[in-house]
Protein chains: 2
Amino acid sequence: MDQETTRCTTRAWRWFKAIPEKFVSKIMDAATEGKKLGVEDPRRIIHSLKVGLAISLVSLFYYFDPLYEGFGVSAMWAVMTVVVVFEFSVGATLGRGINRGIATLLAGSLGVGAHRLASFPGEKIEPILLGLSVFLVAAAVTFIRFYPKLKARYDYGLVIFILTFCLISVSGYRDDEVLEMAYKRLSTILIGGAAALIVCVLICPIWAGEDLHNRVAGNIENLGTFLEGFGCVYFQTLDDKLQDQKASLDGYKSVLNSKSTEESLANFAKWEPRHGRFRYRHPWDQYLKIGMLVRECAYRVDALNGHLNSEMKTPPEVRAKIQELCTKMSSESSLALKELSLAIKTMSSSSIADPHIVNAKTAAKKLKSLLKTGLWEDTNFLDIIPAAAVSSLLIEIVSCTVKIADSVHELASKAKFNNDVLKQKEKGKVLRVPSIEGSHNIAINSE
Amino acid sequence: MDQETTRCTTRAWRWFKAIPEKFVSKIMDAATEGKKLGVEDPRRIIHSLKVGLAISLVSLFYYFDPLYEGFGVSAMWAVMTVVVVFEFSVGATLGRGINRGIATLLAGSLGVGAHRLASFPGEKIEPILLGLSVFLVAAAVTFIRFYPKLKARYDYGLVIFILTFCLISVSGYRDDEVLEMAYKRLSTILIGGAAALIVCVLICPIWAGEDLHNRVAGNIENLGTFLEGFGCVYFQTLDDKLQDQKASLDGYKSVLNSKSTEESLANFAKWEPRHGRFRYRHPWDQYLKIGMLVRECAYRVDALNGHLNSEMKTPPEVRAKIQELCTKMSSESSLALKELSLAIKTMSSSSIADPHIVNAKTAAKKLKSLLKTGLWEDTNFLDIIPAAAVSSLLIEIVSCTVKIADSVHELASKAKFNNDVLKQKEKGKVLRVPSIEGSHNIAINSE
């Protein structure tokens, strides 16, 4: 019995002793993850420090008497505004700030108006009228928030509209200095918003537009990287297909679900003023169009990725020819995509990608004529399926690449990228390839 | 000259007269869109009315003297809370409400503590210490918001934490009744949150979990609808492929970009208590897994959709056989997917889908053996490509369907769906097909 007690005590003691260990290990895990997050994108650390700075700046209102005297308790709206308005990118901050400012102005005016109107018929009916107006405005504006176009850009403004209208018109019933309250709320919000914006723009600004630009270029590059490695990995025998080689091609997977991120970045970017290489009305929507085409291409690439686990079983002499042409198609598409990505990154309207596209198309045509000749008559038909499926997917990918090239050219002309033909000549890359502009619309199908 | 003036005046008058017309037409457009939004999902209208009601209820605080006396100006926090916490679904509202409540409690305590500590060293150092603590807390919590797991569920709570800490510790420098302020803020927020929740749950509640459940089932059905029509449309001659027939198959496209919606619905659903047929800890993550597999299948379906614009050109006698098997594969997969969708919708762990999967697999095998026989020896090899590509995609889709069936069965066992074999017998659908459970893991590849 005594032994039993001792054992229990020891176990309990061990469990108890383990608590700090577990706690420490949790903390260590969190720290490791935090370090990873910081290394991955150091702008996160900068952003956090900026938020701290902006809030500290605004809280100065409370410490200096002359500033505090002017606004009193309303000064807290300034702090609140900084906290809720300060976002990661300049565009998001500007969008929220402008939404909050304008919504407060409009709803404040409307609230003061409602308060005045409701006070005419007499004190007994006033609360009923005010309650009714609050109900109607809240319900109507909540419904308006469902309009997709308004939701994308003005959702926050609509929430603040309801908020301010309710605060002003309702508290107006108590406080006859309703105008002063509206004015104080508006001005403190403007001060808070301005502080957030100034810190956001002046200290290491993070531009949503630049992010979108780089992300779209990066997505195109990811597809290029897959296609670059595909031919190599696919035509190895199954035993040689090392798992890590295949894994190194998985970069394109982030492209598949990029839609919502790209859309919100584009919405933020539309708020941003001229910065760096971007004008105020940079054609952000064109990036969404490119993004859509890139995703379409990524779906085909995903199907192609499924074939990496199988092997082409055609006889050696046929295999060699198909291998050559398929590798050519994928590597030329890859080169074209990488050049397009570079063209976006450097914002140059170069046509270096065009010869690669022409080469890819030529390879596709050669593959077709190879298949027309009765080269394979002794081949087992079942063996043709993977070859045909891969060829068909590659042909579709070439056609997607053409579409992407087209829309990148469209972006270049819309955004007036530099036409640095001279630079290319200096590099020794004189273009003698016939322009493929005219041929872009010809669908390359597997027919 | 006079004529010129008259003409100008007339033009200006016409333009001026057109303004109200334009305005009216804009209003009409907005009304039409609003009607469409309401008809599409009437819950939107109900939600708007509920928000109006909840805000009106809380604003009663201002109208009734006894309630107002207790809280004073702080009563506005209750109105604010309702506006910012009330979301479309119960889960989202609960999540925001709990986040806001707990964050206010924690940050309020910490703020009071910081205020006490800072007041020890003396009045001169107090603002410096407070400013420093505000900076540190704001920067640290802003960084913590980047942790993906915390961002998914506690992002709003972290923002409110910063907000409350700053308000309490900073305004505490002025107002020595800092404890009372913290208490008032917390209690008004609790009242507002409770009002929002009660209205949200009691009047026509909208459950995020149910939405996720129906959406995943609907996505599976969308794929089934495409595959049901595919065989029919594809094997028509090009002239007969009516554009509207093809367009009717486009329903699956919404599946491609469903990831972010599903993830946020799952996050909301995790907050929801037991409701209808769902327990508190319903296996929501399993829906995300199914959703991922459904999207993978949708990528193949998208590639298949690309083939609808071309035609299979094989000789009639070969074509007839391929057509039969391809149509069989797509229609059986379609039936299987539709049964799986129905099984999710009715929450029954039926295995009605299994025989269809077996049939689809059999068709795939037959297609392979058909290809093995030298049936096509006179065929132009180029004509084989589309047939092979479509077959290969269909084989992959069958394999995706198997995976989807597997994960739906997993969901059924995790969520304890009803095993209503009896019901099926009553319907006359006695299952004599060998269970395919064991065969699910066999990869069906195009090798």
# chains A, B, ... in the order shown; residues from 1 in each chain; ligands from 1
$ residues_around --residues "segment 299-303 of chain A" --least-positions-apart "5" --cutoff "9 Å" --atoms "only C-alpha atoms" --output "PyMOL selection string"
(chain A and resi 223+226-227+252-253+256+294+390+393-394+396-397) or (chain B and resi 296+298-300+302-303+393+396)
$ write_last_selection --atoms "C-alpha atoms" --output "PDB file, in the first residue's frame"
ATOM      1  CA  LEU A 223       4.621  27.138 -64.160  1.00  0.00           C
ATOM      2  CA  PHE A 226       7.521  22.862 -63.542  1.00  0.00           C
ATOM      3  CA  LEU A 227       7.682  22.605 -67.312  1.00  0.00           C
ATOM      4  CA  TYR A 252       3.007  25.391 -59.191  1.00  0.00           C
ATOM      5  CA  LYS A 253       0.448  24.133 -56.644  1.00  0.00           C
ATOM      6  CA  LEU A 256      -4.173  26.707 -58.255  1.00  0.00           C
ATOM      7  CA  VAL A 294      -2.278  31.211 -65.557  1.00  0.00           C
ATOM      8  CA  VAL A 390       0.843  13.721 -72.251  1.00  0.00           C
ATOM      9  CA  LEU A 393      -1.854  18.098 -72.417  1.00  0.00           C
ATOM     10  CA  LEU A 394       1.413  19.628 -73.606  1.00  0.00           C
ATOM     11  CA  GLU A 396      -2.969  22.490 -74.591  1.00  0.00           C
ATOM     12  CA  ILE A 397      -0.294  24.019 -72.383  1.00  0.00           C
TER      13      ILE A 397
ATOM     14  CA  GLU B 296      -8.697  17.992 -58.006  1.00  0.00           C
ATOM     15  CA  ALA B 298     -12.700  19.544 -61.233  1.00  0.00           C
ATOM     16  CA  TYR B 299      -9.280  20.341 -62.738  1.00  0.00           C
ATOM     17  CA  ARG B 300      -9.536  17.138 -64.815  1.00  0.00           C
ATOM     18  CA  ASP B 302     -11.917  21.444 -66.862  1.00  0.00           C
ATOM     19  CA  ALA B 303      -9.357  19.765 -69.133  1.00  0.00           C
ATOM     20  CA  LEU B 393      -8.813  12.029 -68.479  1.00  0.00           C
ATOM     21  CA  GLU B 396      -8.281   9.805 -64.008  1.00  0.00           C
TER      22      GLU B 396
END
$ closest_atom_pairs --of "segment 155-198 of chain B" --to "segment 84-107 of chain B" --cutoff "10 Å" --atoms "only C-alpha atoms" --output "Markdown table"
| residue | atom | partner | partner_atom | distance |
| --- | --- | --- | --- | --- |
| B:Asp155 | CA | B:Asn99 | CA | 8.4 |
| B:Tyr156 | CA | B:Asn99 | CA | 6.4 |
| B:Gly157 | CA | B:Asn99 | CA | 4.3 |
| B:Leu158 | CA | B:Ala103 | CA | 6.9 |
| B:Val159 | CA | B:Ala103 | CA | 8.5 |
| B:Ile160 | CA | B:Ala103 | CA | 6.0 |
| B:Phe161 | CA | B:Ala103 | CA | 4.9 |
| B:Ile162 | CA | B:Ala107 | CA | 7.3 |
| B:Leu163 | CA | B:Ala107 | CA | 8.4 |
| B:Thr164 | CA | B:Ala107 | CA | 5.8 |
| B:Phe165 | CA | B:Ala107 | CA | 4.8 |
| B:Cys166 | CA | B:Ala107 | CA | 8.6 |
| B:Leu167 | CA | B:Ala107 | CA | 9.6 |
| B:Ile168 | CA | B:Ala107 | CA | 8.3 |
| B:Ser169 | CA | B:Ala107 | CA | 9.4 |
| B:Ala182 | CA | B:Leu105 | CA | 8.4 |
| B:Tyr183 | CA | B:Leu105 | CA | 8.8 |
| B:Arg185 | CA | B:Thr104 | CA | 8.0 |
| B:Leu186 | CA | B:Thr104 | CA | 6.3 |
| B:Ser187 | CA | B:Gly101 | CA | 9.1 |
| B:Ile189 | CA | B:Gly101 | CA | 6.8 |
| B:Leu190 | CA | B:Gly101 | CA | 6.4 |
| B:Gly192 | CA | B:Val85 | CA | 8.6 |
| B:Gly193 | CA | B:Gly97 | CA | 5.6 |
| B:Ala194 | CA | B:Gly97 | CA | 8.1 |
| B:Ala195 | CA | B:Phe86 | CA | 9.5 |
| B:Ala196 | CA | B:Phe86 | CA | 5.8 |
| B:Leu197 | CA | B:Thr93 | CA | 6.8 |
| B:Ile198 | CA | B:Val90 | CA | 9.9 |
$ select_by_dssp --residues "segment 68-148 of chain A" --states "alpha helix (DSSP H)" --output "VMD selection string"
chain A and resid 68 to 71 75 to 85 90 to 119 126 to 144 148
$ residues_around --residues "Leu117 of chain A" --least-positions-apart "3" --cutoff "10 Å" --atoms "only C-alpha atoms" --output "VMD selection string"
chain A and resid 111 to 114 120 to 121 126 129 to 130
$ atom_distance --atom1 "atom CA of Asp41 of chain B" --atom2 "atom CA of Leu411 of chain B"
27.6 Å
$ residues_around --residues "Ala364 of chain A" --least-positions-apart "4" --cutoff "12 Å" --atoms "only C-alpha atoms" --output "MDAnalysis selection string"
chainID A and resid 322 324:330 332:333 357:360 368:371 390:399 444:447
$ write_last_selection --atoms "C-alpha atoms" --output "short mmCIF file (atom, residue, chain, number, x, y, z; two decimals), in the first residue's frame"
data_model
loop_
_atom_site.label_atom_id
_atom_site.label_comp_id
_atom_site.auth_asym_id
_atom_site.auth_seq_id
_atom_site.Cartn_x
_atom_site.Cartn_y
_atom_site.Cartn_z
CA ILE A 322 8.39 11.45 -78.78
CA GLU A 324 12.59 14.72 -78.05
CA LEU A 325 9.46 16.53 -79.18
CA CYS A 326 7.67 16.49 -75.82
CA THR A 327 10.80 17.70 -74.05
CA LYS A 328 11.13 20.40 -76.69
CA MET A 329 7.53 21.51 -76.21
CA SER A 330 7.75 21.65 -72.45
CA GLU A 332 10.25 25.91 -74.98
CA SER A 333 6.97 26.71 -73.18
CA ILE A 357 6.49 30.14 -78.52
CA VAL A 358 7.16 29.66 -82.22
CA ASN A 359 9.54 26.80 -81.38
CA ALA A 360 6.96 25.19 -79.10
CA LYS A 368 1.46 15.68 -85.12
CA SER A 369 3.15 14.77 -88.40
CA LEU A 370 5.22 12.14 -86.61
CA LEU A 371 2.00 10.59 -85.41
CA VAL A 390 0.84 13.72 -72.25
CA SER A 391 1.20 15.08 -75.80
CA SER A 392 -2.36 16.36 -75.76
CA LEU A 393 -1.85 18.10 -72.42
CA LEU A 394 1.41 19.63 -73.61
CA ILE A 395 -0.28 20.88 -76.76
CA GLU A 396 -2.97 22.49 -74.59
CA ILE A 397 -0.29 24.02 -72.38
CA VAL A 398 1.38 25.51 -75.45
CA SER A 399 -1.97 27.01 -76.40
CA ILE A 444 -3.76 24.97 -81.43
CA ASN A 445 -5.94 22.01 -80.78
CA SER A 446 -5.19 18.37 -80.65
CA GLU A 447 -7.43 17.76 -83.63
#
